[in-house]
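Participant: My file is entry_24.cif. It has mmCIF, C-alpha atoms:
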```cif
data_query
loop_
_atom_site.group_PDB
_atom_site.id
_atom_site.type_symbol
_atom_site.label_atom_id
_atom_site.label_comp_id
_atom_site.auth_asym_id
_atom_site.auth_seq_id
_atom_site.Cartn_x
_atom_site.Cartn_y
_atom_site.Cartn_z
ATOM 1 C CA MET A 1 -39.538 -37.707 39.530
ATOM 2 C CA THR A 2 -36.338 -38.641 37.764
ATOM 3 C CA GLU A 3 -35.184 -36.038 35.285
ATOM 4 C CA THR A 4 -34.276 -37.433 31.903
ATOM 5 C CA PRO A 5 -30.908 -36.083 30.688
ATOM 6 C CA TYR A 6 -31.040 -34.240 27.401
ATOM 7 C CA PHE A 7 -28.384 -34.545 24.735
ATOM 8 C CA LEU A 8 -26.979 -32.234 22.076
ATOM 9 C CA GLU A 9 -27.815 -33.694 18.679
ATOM 10 C CA TYR A 10 -25.585 -32.992 15.712
ATOM 11 C CA ARG A 11 -26.809 -33.712 12.216
ATOM 12 C CA SER A 12 -24.766 -32.966 9.072
ATOM 13 C CA SER A 13 -26.464 -30.740 6.503
ATOM 14 C CA LYS A 14 -24.809 -32.836 3.774
ATOM 15 C CA SER A 15 -25.625 -36.340 5.133
ATOM 16 C CA PRO A 16 -28.809 -37.932 6.516
ATOM 17 C CA ASN A 17 -26.788 -39.912 9.044
ATOM 18 C CA ASP A 18 -25.915 -38.658 12.523
ATOM 19 C CA LEU A 19 -22.189 -38.507 12.970
ATOM 20 C CA PRO A 20 -22.158 -39.745 16.612
ATOM 21 C CA THR A 21 -22.889 -43.448 17.177
ATOM 22 C CA PRO A 22 -26.435 -43.943 18.566
ATOM 23 C CA GLY A 23 -26.255 -44.253 22.340
ATOM 24 C CA GLY A 24 -22.619 -43.174 22.384
ATOM 25 C CA GLU A 25 -23.358 -40.076 24.435
ATOM 26 C CA GLN A 26 -25.307 -41.866 27.225
ATOM 27 C CA GLY A 27 -23.998 -41.210 30.712
ATOM 28 C CA PHE A 28 -22.539 -37.779 30.065
ATOM 29 C CA GLY A 29 -25.666 -35.842 31.040
ATOM 30 C CA LYS A 30 -26.101 -32.103 31.140
ATOM 31 C CA ILE A 31 -22.478 -31.266 31.956
ATOM 32 C CA ARG A 32 -21.236 -32.859 28.724
ATOM 33 C CA ASN A 33 -23.920 -31.086 26.698
ATOM 34 C CA HIS A 34 -23.156 -27.715 28.252
ATOM 35 C CA SER A 35 -19.472 -28.240 27.458
ATOM 36 C CA LEU A 36 -20.224 -28.956 23.791
ATOM 37 C CA VAL A 37 -22.493 -25.905 23.544
ATOM 38 C CA ALA A 38 -19.731 -23.769 25.037
ATOM 39 C CA LYS A 39 -17.242 -25.097 22.444
ATOM 40 C CA VAL A 40 -19.641 -24.317 19.600
ATOM 41 C CA CYS A 41 -20.236 -20.778 20.893
ATOM 42 C CA LYS A 42 -16.494 -20.227 21.314
ATOM 43 C CA SER A 43 -15.887 -21.424 17.745
ATOM 44 C CA ARG A 44 -18.535 -19.020 16.382
ATOM 45 C CA VAL A 45 -17.087 -16.064 18.303
ATOM 46 C CA LYS A 46 -13.604 -16.927 16.989
ATOM 47 C CA SER A 47 -14.929 -17.140 13.424
ATOM 48 C CA LYS A 48 -16.641 -13.735 13.719
ATOM 49 C CA THR A 49 -13.446 -12.208 15.150
ATOM 50 C CA GLU A 50 -11.373 -13.533 12.232
ATOM 51 C CA THR A 51 -13.931 -12.177 9.757
ATOM 52 C CA MET A 52 -13.689 -8.703 11.334
ATOM 53 C CA MET A 53 -9.871 -8.852 11.271
ATOM 54 C CA ARG A 54 -9.875 -9.888 7.598
ATOM 55 C CA LYS A 55 -12.189 -6.975 6.715
ATOM 56 C CA LYS A 56 -9.884 -4.551 8.554
ATOM 57 C CA TRP A 57 -6.828 -5.885 6.677
ATOM 58 C CA MET A 58 -8.604 -5.519 3.337
ATOM 59 C CA LEU A 59 -9.711 -1.960 4.180
ATOM 60 C CA THR A 60 -6.180 -1.076 5.314
ATOM 61 C CA THR A 61 -4.744 -2.489 2.075
ATOM 62 C CA PHE A 62 -7.120 -0.432 -0.083
ATOM 63 C CA ILE A 63 -6.267 2.725 1.880
ATOM 64 C CA LEU A 64 -2.501 2.140 1.530
ATOM 65 C CA ILE A 65 -2.819 1.404 -2.186
ATOM 66 C CA GLY A 66 -4.878 4.565 -2.686
ATOM 67 C CA MET A 67 -2.416 6.717 -0.750
ATOM 68 C CA ALA A 68 0.559 5.292 -2.641
ATOM 69 C CA ALA A 69 -1.182 5.825 -5.977
ATOM 70 C CA LEU A 70 -2.005 9.458 -5.135
ATOM 71 C CA THR A 71 1.539 10.089 -3.930
ATOM 72 C CA GLY A 72 3.059 8.555 -7.058
ATOM 73 C CA ALA A 73 0.705 10.422 -9.378
ATOM 74 C CA ALA A 74 1.473 13.716 -7.635
ATOM 75 C CA ALA A 75 5.218 13.139 -7.884
ATOM 76 C CA TYR A 76 4.896 12.201 -11.537
ATOM 77 C CA GLY A 77 2.844 15.339 -12.233
ATOM 78 C CA GLN A 78 5.404 17.565 -10.514
ATOM 79 C CA ASP A 79 8.170 16.070 -12.636
ATOM 80 C CA ASP A 80 6.166 16.813 -15.802
ATOM 81 C CA ALA A 81 5.552 20.404 -14.730
ATOM 82 C CA SER A 82 9.208 20.912 -13.859
ATOM 83 C CA ALA A 83 10.448 19.399 -17.116
ATOM 84 C CA SER A 84 8.011 21.423 -19.234
ATOM 85 C CA GLY A 85 9.458 24.680 -17.875
ATOM 86 C CA LYS A 86 13.048 23.756 -18.685
ATOM 87 C CA SER A 87 15.071 22.924 -21.742
ATOM 88 C CA GLY A 88 18.431 21.380 -22.519
ATOM 89 C CA ALA A 89 19.469 19.087 -19.638
ATOM 90 C CA ALA A 90 15.849 18.656 -18.428
ATOM 91 C CA ALA A 91 14.701 17.601 -21.888
ATOM 92 C CA LYS A 92 17.484 15.036 -22.067
ATOM 93 C CA ALA A 93 16.628 13.709 -18.597
ATOM 94 C CA ARG A 94 13.024 13.028 -19.530
ATOM 95 C CA PRO A 95 13.681 9.964 -21.743
ATOM 96 C CA ALA A 96 15.612 8.366 -18.882
ATOM 97 C CA ARG A 97 12.630 8.845 -16.585
ATOM 98 C CA ASP A 98 10.199 7.523 -19.197
ATOM 99 C CA SER A 99 12.300 4.331 -19.445
ATOM 100 C CA GLN A 100 10.973 3.493 -15.978
ATOM 101 C CA SER A 101 7.528 2.867 -17.522
ATOM 102 C CA GLN A 102 6.818 -0.521 -19.073
ATOM 103 C CA TRP A 103 4.254 -3.227 -19.869
ATOM 104 C CA ASP A 104 5.231 -6.864 -19.561
ATOM 105 C CA ILE A 105 3.822 -10.384 -19.356
ATOM 106 C CA GLY A 106 5.505 -13.057 -17.255
ATOM 107 C CA VAL A 107 5.303 -16.775 -16.585
ATOM 108 C CA SER A 108 6.786 -18.391 -13.475
ATOM 109 C CA PHE A 109 6.876 -21.843 -11.880
ATOM 110 C CA TYR A 110 6.661 -22.334 -8.120
ATOM 111 C CA GLU A 111 6.087 -24.743 -5.246
ATOM 112 C CA ALA A 112 3.227 -23.951 -2.875
ATOM 113 C CA LEU A 113 4.366 -24.591 0.713
ATOM 114 C CA THR A 114 1.057 -24.610 2.595
ATOM 115 C CA SER A 115 0.694 -24.640 6.386
ATOM 116 C CA SER A 116 -1.532 -27.115 8.214
ATOM 117 C CA SER A 117 -4.399 -25.947 10.448
ATOM 118 C CA SER A 118 -6.711 -27.288 13.140
ATOM 119 C CA GLY A 119 -9.967 -26.217 14.739
ATOM 120 C CA GLY A 120 -13.563 -27.318 15.253
ATOM 121 C CA GLY A 121 -12.368 -30.866 15.924
ATOM 122 C CA THR A 122 -10.620 -31.076 12.529
ATOM 123 C CA GLN A 123 -6.938 -31.530 11.701
ATOM 124 C CA GLU A 124 -6.296 -30.365 8.110
ATOM 125 C CA THR A 125 -2.937 -31.202 6.533
ATOM 126 C CA PRO A 126 -2.251 -29.948 2.965
ATOM 127 C CA SER A 127 0.477 -31.350 0.746
ATOM 128 C CA ASN A 128 3.009 -29.117 -1.002
ATOM 129 C CA GLY A 129 2.271 -28.833 -4.711
ATOM 130 C CA MET A 130 3.953 -27.585 -7.879
ATOM 131 C CA GLY A 131 2.268 -24.863 -9.919
ATOM 132 C CA GLY A 132 2.558 -21.985 -12.361
ATOM 133 C CA LEU A 133 1.773 -18.259 -12.299
ATOM 134 C CA ALA A 134 0.959 -15.888 -15.178
ATOM 135 C CA GLU A 135 1.224 -12.097 -14.748
ATOM 136 C CA VAL A 136 0.333 -9.000 -16.733
ATOM 137 C CA ARG A 137 2.142 -6.006 -15.230
ATOM 138 C CA HIS A 138 2.158 -2.285 -15.947
ATOM 139 C CA ILE A 139 4.794 -0.066 -14.327
ATOM 140 C CA VAL A 140 3.947 3.652 -14.549
ATOM 141 C CA ASN A 141 6.821 4.932 -12.406
ATOM 142 C CA PRO A 142 8.751 3.678 -9.366
ATOM 143 C CA PHE A 143 5.843 4.491 -7.053
ATOM 144 C CA VAL A 144 2.927 3.341 -9.211
ATOM 145 C CA GLY A 145 2.444 -0.055 -10.810
ATOM 146 C CA PHE A 146 -0.298 -2.645 -11.161
ATOM 147 C CA GLU A 147 -0.570 -6.280 -12.115
ATOM 148 C CA LEU A 148 -3.152 -9.018 -12.642
ATOM 149 C CA SER A 149 -1.929 -12.495 -11.716
ATOM 150 C CA VAL A 150 -3.441 -15.968 -12.067
ATOM 151 C CA GLY A 151 -1.890 -19.067 -10.500
ATOM 152 C CA PHE A 152 -2.651 -22.784 -10.509
ATOM 153 C CA ASN A 153 -1.118 -25.570 -8.400
ATOM 154 C CA LEU A 154 -1.740 -29.075 -7.108
ATOM 155 C CA ALA A 155 -3.413 -29.015 -3.680
ATOM 156 C CA ASP A 156 -3.928 -32.445 -2.087
ATOM 157 C CA GLU A 157 -5.262 -32.455 1.484
ATOM 158 C CA ALA A 158 -5.770 -34.877 4.371
ATOM 159 C CA PHE A 159 -8.462 -34.556 7.053
ATOM 160 C CA ALA A 160 -8.602 -36.374 10.404
ATOM 161 C CA PRO A 161 -10.110 -35.907 13.885
ATOM 162 C CA LYS A 162 -7.956 -33.608 15.995
ATOM 163 C CA ALA A 163 -6.385 -35.679 18.742
ATOM 164 C CA GLY A 164 -7.663 -34.682 22.184
ATOM 165 C CA ALA A 165 -10.165 -32.148 20.830
ATOM 166 C CA CYS A 166 -12.148 -33.919 18.132
ATOM 167 C CA ALA A 167 -15.600 -33.133 19.650
ATOM 168 C CA LEU A 168 -18.222 -34.471 17.209
ATOM 169 C CA THR A 169 -15.707 -35.703 14.594
ATOM 170 C CA CYS A 170 -14.050 -38.387 16.762
ATOM 171 C CA GLN A 171 -15.682 -41.265 14.910
ATOM 172 C CA ASN A 172 -15.033 -39.905 11.412
ATOM 173 C CA PRO A 173 -12.514 -41.849 9.317
ATOM 174 C CA PRO A 174 -9.367 -40.072 8.050
ATOM 175 C CA VAL A 175 -9.900 -38.681 4.540
ATOM 176 C CA SER A 176 -7.346 -37.896 1.824
ATOM 177 C CA LEU A 177 -8.450 -35.705 -1.086
ATOM 178 C CA SER A 178 -6.576 -34.991 -4.276
ATOM 179 C CA GLY A 179 -7.281 -31.641 -5.876
ATOM 180 C CA ASN A 180 -5.977 -28.363 -7.203
ATOM 181 C CA ALA A 181 -6.066 -24.702 -6.276
ATOM 182 C CA THR A 182 -6.459 -21.526 -8.316
ATOM 183 C CA GLN A 183 -5.472 -18.043 -7.162
ATOM 184 C CA VAL A 184 -6.413 -14.757 -8.804
ATOM 185 C CA SER A 185 -5.235 -11.369 -7.538
ATOM 186 C CA LEU A 186 -4.976 -7.682 -8.391
ATOM 187 C CA ASP A 187 -1.756 -6.297 -6.956
ATOM 188 C CA TYR A 188 -0.072 -2.949 -6.438
ATOM 189 C CA VAL A 189 3.596 -2.840 -7.465
ATOM 190 C CA VAL A 190 6.443 -0.551 -6.438
ATOM 191 C CA SER A 191 9.807 -0.935 -8.167
ATOM 192 C CA LYS A 192 13.081 0.794 -9.005
ATOM 193 C CA LYS A 193 15.021 0.489 -12.260
ATOM 194 C CA MET A 194 18.779 0.160 -11.648
ATOM 195 C CA GLY A 195 20.674 -0.706 -14.813
ATOM 196 C CA ASN A 196 19.637 -4.221 -15.860
ATOM 197 C CA LEU A 197 17.984 -4.849 -12.489
ATOM 198 C CA ARG A 198 14.543 -3.885 -11.180
ATOM 199 C CA PRO A 199 13.776 -4.857 -7.553
ATOM 200 C CA PHE A 200 10.048 -4.791 -6.765
ATOM 201 C CA ALA A 201 7.478 -5.412 -4.042
ATOM 202 C CA VAL A 202 3.843 -6.440 -4.512
ATOM 203 C CA GLY A 203 0.753 -6.413 -2.310
ATOM 204 C CA GLY A 204 -2.899 -6.923 -3.113
ATOM 205 C CA LEU A 205 -6.180 -8.746 -2.718
ATOM 206 C CA GLY A 206 -7.596 -11.734 -4.532
ATOM 207 C CA ALA A 207 -9.374 -15.072 -4.327
ATOM 208 C CA PHE A 208 -8.234 -18.598 -3.495
ATOM 209 C CA ILE A 209 -10.308 -21.454 -4.936
ATOM 210 C CA ALA A 210 -9.737 -25.075 -3.825
ATOM 211 C CA VAL A 211 -11.281 -27.783 -6.033
ATOM 212 C CA PRO A 212 -11.047 -31.330 -4.587
ATOM 213 C CA GLY A 213 -11.186 -34.572 -6.532
ATOM 214 C CA THR A 214 -14.067 -37.027 -6.271
ATOM 215 C CA THR A 215 -14.521 -39.193 -3.181
ATOM 216 C CA PRO A 216 -17.301 -41.586 -1.993
ATOM 217 C CA LEU A 217 -17.738 -39.450 1.135
ATOM 218 C CA GLY A 218 -18.442 -36.236 -0.799
ATOM 219 C CA ASN A 219 -16.542 -32.973 -1.157
ATOM 220 C CA ASN A 220 -16.929 -29.205 -1.475
ATOM 221 C CA THR A 221 -15.368 -26.598 -3.767
ATOM 222 C CA SER A 222 -14.116 -23.887 -1.416
ATOM 223 C CA PHE A 223 -13.848 -20.151 -2.198
ATOM 224 C CA ARG A 224 -11.751 -17.894 0.039
ATOM 225 C CA GLY A 225 -10.688 -14.259 -0.040
ATOM 226 C CA ALA A 226 -6.907 -13.877 -0.018
ATOM 227 C CA TYR A 227 -4.298 -11.289 0.921
ATOM 228 C CA ILE A 228 -1.060 -11.336 -1.111
ATOM 229 C CA VAL A 229 2.350 -9.887 -0.275
ATOM 230 C CA GLY A 230 5.726 -10.532 -1.877
ATOM 231 C CA GLY A 231 8.791 -9.222 -3.596
ATOM 232 C CA GLY A 232 11.524 -10.091 -6.041
ATOM 233 C CA ILE A 233 13.824 -8.863 -8.767
ATOM 234 C CA ASP A 234 13.806 -8.619 -12.577
ATOM 235 C CA PHE A 235 16.974 -9.015 -14.622
ATOM 236 C CA ASP A 236 17.017 -7.814 -18.254
ATOM 237 C CA ILE A 237 18.668 -10.229 -20.678
ATOM 238 C CA SER A 238 17.857 -7.926 -23.613
ATOM 239 C CA SER A 239 15.688 -4.891 -24.291
ATOM 240 C CA ARG A 240 12.621 -7.167 -24.411
ATOM 241 C CA LEU A 241 13.376 -10.383 -22.529
ATOM 242 C CA GLY A 242 14.315 -10.978 -18.907
ATOM 243 C CA VAL A 243 14.224 -13.400 -15.985
ATOM 244 C CA ARG A 244 12.230 -12.915 -12.767
ATOM 245 C CA ALA A 245 12.780 -14.361 -9.290
ATOM 246 C CA GLN A 246 10.285 -13.692 -6.511
ATOM 247 C CA VAL A 247 8.592 -15.004 -3.360
ATOM 248 C CA ARG A 248 4.883 -14.579 -2.592
ATOM 249 C CA ASP A 249 2.949 -15.268 0.582
ATOM 250 C CA ILE A 250 -0.812 -15.835 0.366
ATOM 251 C CA LEU A 251 -2.913 -15.533 3.523
ATOM 252 C CA TYR A 252 -6.449 -16.969 3.549
ATOM 253 C CA LYS A 253 -8.917 -18.925 5.659
ATOM 254 C CA ALA A 254 -8.269 -22.679 5.486
ATOM 255 C CA PRO A 255 -10.548 -24.198 2.817
ATOM 256 C CA ASN A 256 -13.215 -26.710 3.794
ATOM 257 C CA THR A 257 -13.263 -29.333 1.011
ATOM 258 C CA SER A 258 -14.489 -32.359 2.992
ATOM 259 C CA VAL A 259 -18.191 -32.938 3.629
ATOM 260 C CA ILE A 260 -17.782 -34.974 6.823
ATOM 261 C CA TYR A 261 -15.362 -32.560 8.531
ATOM 262 C CA PRO A 262 -16.237 -28.991 9.598
ATOM 263 C CA ALA A 263 -13.979 -26.093 8.608
ATOM 264 C CA THR A 264 -11.083 -25.388 10.952
ATOM 265 C CA GLY A 265 -12.076 -21.709 10.872
ATOM 266 C CA VAL A 266 -8.504 -20.430 11.139
ATOM 267 C CA LEU A 267 -6.180 -18.496 8.849
ATOM 268 C CA THR A 268 -3.463 -20.348 6.955
ATOM 269 C CA GLN A 269 -0.840 -19.403 4.377
ATOM 270 C CA SER A 270 0.909 -20.623 1.254
ATOM 271 C CA LEU A 271 4.509 -19.544 0.726
ATOM 272 C CA GLU A 272 5.444 -19.619 -2.967
ATOM 273 C CA PRO A 273 9.101 -19.265 -4.036
ATOM 274 C CA MET A 274 9.196 -19.004 -7.839
ATOM 275 C CA GLY A 275 11.254 -18.223 -10.895
ATOM 276 C CA GLY A 276 10.387 -17.490 -14.523
ATOM 277 C CA VAL A 277 10.728 -15.198 -17.534
ATOM 278 C CA TYR A 278 9.006 -12.049 -18.792
ATOM 279 C CA TYR A 279 8.589 -10.236 -22.091
ATOM 280 C CA ARG A 280 8.438 -6.432 -22.213
ATOM 281 C CA PHE A 281 6.345 -4.561 -24.772
#
```
Kindly return the structure encoded in the file as structure tokens.
Facilitator:
Amino acid sequence: MTETPYFLEYRSSKSPNDLPTPGGEQGFGKIRNHSLVAKVCKSRVKSKTETMMRKKWMLTTFILIGMAALTGAAAYGQDDASASGKSGAAAKARPARDSQSQWDIGVSFYEALTSSSSGGGTQETPSNGMGGLAEVRHIVNPFVGFELSVGFNLADEAFAPKAGACALTCQNPPVSLSGNATQVSLDYVVSKKMGNLRPFAVGGLGAFIAVPGTTPLGNNTSFRGAYIVGGGIDFDISSRLGVRAQVRDILYKAPNTSVIYPATGVLTQSLEPMGGVYYRF
């Protein structure tokens, strides 16, 4: 009896049509099917590994932020106790230390330089886009500071089958999507006041949201957790107004905004050099 070869069928959850051309897989047999199954399993294992790594990074960030906050609070408390037991020179030194504390709001403009990614048969190529960032920052002392930041930038993307490893996306047409991206983060800030200058470093966690434009082939709004690191410098123009220059790097899983292409499943990054102004309360 002749054994009938079986084939791996792929059907999109978003579309009623099979992506492969009917009959296009004839002649490959079991070896081809086993190879595709192995690729799928490998992709799932890679995705689970990246998820575990991202959770470890987030946990490590929270631990470091907590330790830094406790250290800064303890140092601040010791300074208070020391100053309360002294007079004269210590009392005069306290206003200088209190000048380290401040509230400010800032607005900056930047260009998002986003890396391309590939995986799962998909080649994803983002375009660089201009954007703006708003910040509300509270500096308690050099070791303790917090900020809430919200950014928005243009985020056009192009999708195509990955040459030589397109798997089930080989027959998909290239797709270009216009769109925008929003980032929201809660960051920990360390800084040092030095005359009119205040160098600082930031690190925190947030969300990256990619919203594509309309297309006949369909699209998805993509939500991703994000890890933010960066640094810069503030320069006081007056007692209230100043200019800020900084660079931020946002690490997140590549967004999947196209219906007909699977997610690459890999981490990507957006480097954001920026400059702006701030107002101190």
Participant: Carefully work through the PyMOL selection byres ((chain A and resi 144) around 7) for this structure and note down the residues it includes, as a PyMOL selection string.
Facilitator: chain A and resi 69+72+139-143+145+189-190
Participant: Taking the file above as input, evaluate the PyMOL selection byres ((chain A and resi 114-122) around 8) and report the hits as a CSV table (one decimal) with C-alpha atoms, in the frame of the given file.
Facilitator:
```csv
chain,number,residue,atom,x,y,z
A,43,SER,CA,-15.9,-21.4,17.7
A,112,ALA,CA,3.2,-24.0,-2.9
A,113,LEU,CA,4.4,-24.6,0.7
A,123,GLN,CA,-6.9,-31.5,11.7
A,124,GLU,CA,-6.3,-30.4,8.1
A,125,THR,CA,-2.9,-31.2,6.5
A,126,PRO,CA,-2.3,-29.9,3.0
A,127,SER,CA,0.5,-31.4,0.7
A,128,ASN,CA,3.0,-29.1,-1.0
A,159,PHE,CA,-8.5,-34.6,7.1
A,160,ALA,CA,-8.6,-36.4,10.4
A,161,PRO,CA,-10.1,-35.9,13.9
A,162,LYS,CA,-8.0,-33.6,16.0
A,165,ALA,CA,-10.2,-32.1,20.8
A,166,CYS,CA,-12.1,-33.9,18.1
A,167,ALA,CA,-15.6,-33.1,19.6
A,168,LEU,CA,-18.2,-34.5,17.2
A,169,THR,CA,-15.7,-35.7,14.6
A,170,CYS,CA,-14.0,-38.4,16.8
A,254,ALA,CA,-8.3,-22.7,5.5
A,261,TYR,CA,-15.4,-32.6,8.5
A,262,PRO,CA,-16.2,-29.0,9.6
A,263,ALA,CA,-14.0,-26.1,8.6
A,264,THR,CA,-11.1,-25.4,11.0
A,265,GLY,CA,-12.1,-21.7,10.9
A,266,VAL,CA,-8.5,-20.4,11.1
A,267,LEU,CA,-6.2,-18.5,8.8
A,268,THR,CA,-3.5,-20.3,7.0
A,269,GLN,CA,-0.8,-19.4,4.4
A,270,SER,CA,0.9,-20.6,1.3
A,271,LEU,CA,4.5,-19.5,0.7
```
Participant: Give me the result of the PyMOL selection byres ((chain A and resi 224) around 12) on this file, residue by residue, as a PDB file with C-alpha atoms, keeping the file's coordinate frame.
Facilitator:
```
ATOM      1  CA  THR A  51     -13.931 -12.177   9.757  1.00  0.00           C
ATOM      2  CA  ARG A  54      -9.875  -9.888   7.598  1.00  0.00           C
ATOM      3  CA  ALA A 181      -6.066 -24.702  -6.276  1.00  0.00           C
ATOM      4  CA  THR A 182      -6.459 -21.526  -8.316  1.00  0.00           C
ATOM      5  CA  GLN A 183      -5.472 -18.043  -7.162  1.00  0.00           C
ATOM      6  CA  VAL A 184      -6.413 -14.757  -8.804  1.00  0.00           C
ATOM      7  CA  SER A 185      -5.235 -11.369  -7.538  1.00  0.00           C
ATOM      8  CA  LEU A 205      -6.180  -8.746  -2.718  1.00  0.00           C
ATOM      9  CA  GLY A 206      -7.596 -11.734  -4.532  1.00  0.00           C
ATOM     10  CA  ALA A 207      -9.374 -15.072  -4.327  1.00  0.00           C
ATOM     11  CA  PHE A 208      -8.234 -18.598  -3.495  1.00  0.00           C
ATOM     12  CA  ILE A 209     -10.308 -21.454  -4.936  1.00  0.00           C
ATOM     13  CA  ALA A 210      -9.737 -25.075  -3.825  1.00  0.00           C
ATOM     14  CA  VAL A 211     -11.281 -27.783  -6.033  1.00  0.00           C
ATOM     15  CA  THR A 221     -15.368 -26.598  -3.767  1.00  0.00           C
ATOM     16  CA  SER A 222     -14.116 -23.887  -1.416  1.00  0.00           C
ATOM     17  CA  PHE A 223     -13.848 -20.151  -2.198  1.00  0.00           C
ATOM     18  CA  GLY A 225     -10.688 -14.259  -0.040  1.00  0.00           C
ATOM     19  CA  ALA A 226      -6.907 -13.877  -0.018  1.00  0.00           C
ATOM     20  CA  TYR A 227      -4.298 -11.289   0.921  1.00  0.00           C
ATOM     21  CA  ILE A 250      -0.812 -15.835   0.366  1.00  0.00           C
ATOM     22  CA  LEU A 251      -2.913 -15.533   3.523  1.00  0.00           C
ATOM     23  CA  TYR A 252      -6.449 -16.969   3.549  1.00  0.00           C
ATOM     24  CA  LYS A 253      -8.917 -18.925   5.659  1.00  0.00           C
ATOM     25  CA  ALA A 254      -8.269 -22.679   5.486  1.00  0.00           C
ATOM     26  CA  PRO A 255     -10.548 -24.198   2.817  1.00  0.00           C
ATOM     27  CA  ASN A 256     -13.215 -26.710   3.794  1.00  0.00           C
ATOM     28  CA  THR A 257     -13.263 -29.333   1.011  1.00  0.00           C
ATOM     29  CA  GLY A 265     -12.076 -21.709  10.872  1.00  0.00           C
ATOM     30  CA  VAL A 266      -8.504 -20.430  11.139  1.00  0.00           C
ATOM     31  CA  LEU A 267      -6.180 -18.496   8.849  1.00  0.00           C
ATOM     32  CA  THR A 268      -3.463 -20.348   6.955  1.00  0.00           C
ATOM     33  CA  GLN A 269      -0.840 -19.403   4.377  1.00  0.00           C
TER      34      GLN A 269
END
```
Participant: Residues within 8 Å of Leu186 (chain A), please, as a list in words. Count all atoms listed in the file; anything in the same chain fewer than 5 positions from it doesn't count.
Facilitator: Phe146, Glu147, Leu148, Ser149, Gly204, Leu205 and Gly206 of chain A
Participant: Quick one: everything within 10 Å of Val247 (chain A), counting only C-alpha atoms, minus sequence neighbours fewer than 3 positions away in the same chain. Send it as an NGL selection string.
Facilitator: :A and (110 or 201-202 or 229-233 or 271-275)
Participant: Those same residues - C-alpha atoms - I'd like them written as a short mmCIF file (atom, residue, chain, number, x, y, z; two decimals), in the coordinates of the input.
Facilitator:
```cif
data_model
loop_
_atom_site.label_atom_id
_atom_site.label_comp_id
_atom_site.auth_asym_id
_atom_site.auth_seq_id
_atom_site.Cartn_x
_atom_site.Cartn_y
_atom_site.Cartn_z
CA TYR A 110 6.66 -22.33 -8.12
CA ALA A 201 7.48 -5.41 -4.04
CA VAL A 202 3.84 -6.44 -4.51
CA VAL A 229 2.35 -9.89 -0.28
CA GLY A 230 5.73 -10.53 -1.88
CA GLY A 231 8.79 -9.22 -3.60
CA GLY A 232 11.52 -10.09 -6.04
CA ILE A 233 13.82 -8.86 -8.77
CA LEU A 271 4.51 -19.54 0.73
CA GLU A 272 5.44 -19.62 -2.97
CA PRO A 273 9.10 -19.26 -4.04
CA MET A 274 9.20 -19.00 -7.84
CA GLY A 275 11.25 -18.22 -10.90
#
```
Participant: When you draw a straight line from CA of Gly213 (chain A) to CA of Gly164 (chain A), how long is it in Å?
Facilitator: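 Spanning CA of Gly213 (chain A) to CA of Gly164 (chain A) is a straight-line distance of 28.9 Å.
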Participant: Please compute the CA of Asp156 (chain A)-CA of Gly131 (chain A) distance, one decimal, in Å.
Facilitator: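 It comes out at 12.5 Å.
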Participant: I'd like the interatomic distance between CA of Arg244 (chain A) and CA of Gly203 (chain A), to a tenth of an Å.
Facilitator: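 Atom-to-atom, CA of Arg244 (chain A) and CA of Gly203 (chain A) are spaced 16.8 Å apart.
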Participant: Which residues, written as a list in words, have at least one atom at most 9 Å from Glu135 (chain A), with all atoms listed in the file counted and residues fewer than 4 positions away on the same chain left out?
Facilitator: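 The residues that qualify are Asp104, Ile105, Gly106, Val107, Ser108, Glu147, Leu148, Ser149, Val150, Gly151 and Tyr278 of chain A.
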Participant: Keeping only C-alpha atoms, write the selected residues to a file as a PDB file, in the coordinates of the input.
Facilitator:
```pdb
ATOM      1  CA  ASP A 104       5.231  -6.864 -19.561  1.00  0.00           C
ATOM      2  CA  ILE A 105       3.822 -10.384 -19.356  1.00  0.00           C
ATOM      3  CA  GLY A 106       5.505 -13.057 -17.255  1.00  0.00           C
ATOM      4  CA  VAL A 107       5.303 -16.775 -16.585  1.00  0.00           C
ATOM      5  CA  SER A 108       6.786 -18.391 -13.475  1.00  0.00           C
ATOM      6  CA  GLU A 147      -0.570  -6.280 -12.115  1.00  0.00           C
ATOM      7  CA  LEU A 148      -3.152  -9.018 -12.642  1.00  0.00           C
ATOM      8  CA  SER A 149      -1.929 -12.495 -11.716  1.00  0.00           C
ATOM      9  CA  VAL A 150      -3.441 -15.968 -12.067  1.00  0.00           C
ATOM     10  CA  GLY A 151      -1.890 -19.067 -10.500  1.00  0.00           C
ATOM     11  CA  TYR A 278       9.006 -12.049 -18.792  1.00  0.00           C
TER      12      TYR A 278
END
```
Participant: Within 9 Å of Leu241 (chain A), counting all atoms listed in the file, which residues qualify if same-chain residues fewer than 3 places away don't, as a PyMOL selection string?
Facilitator: chain A and resi 235-238+277-280
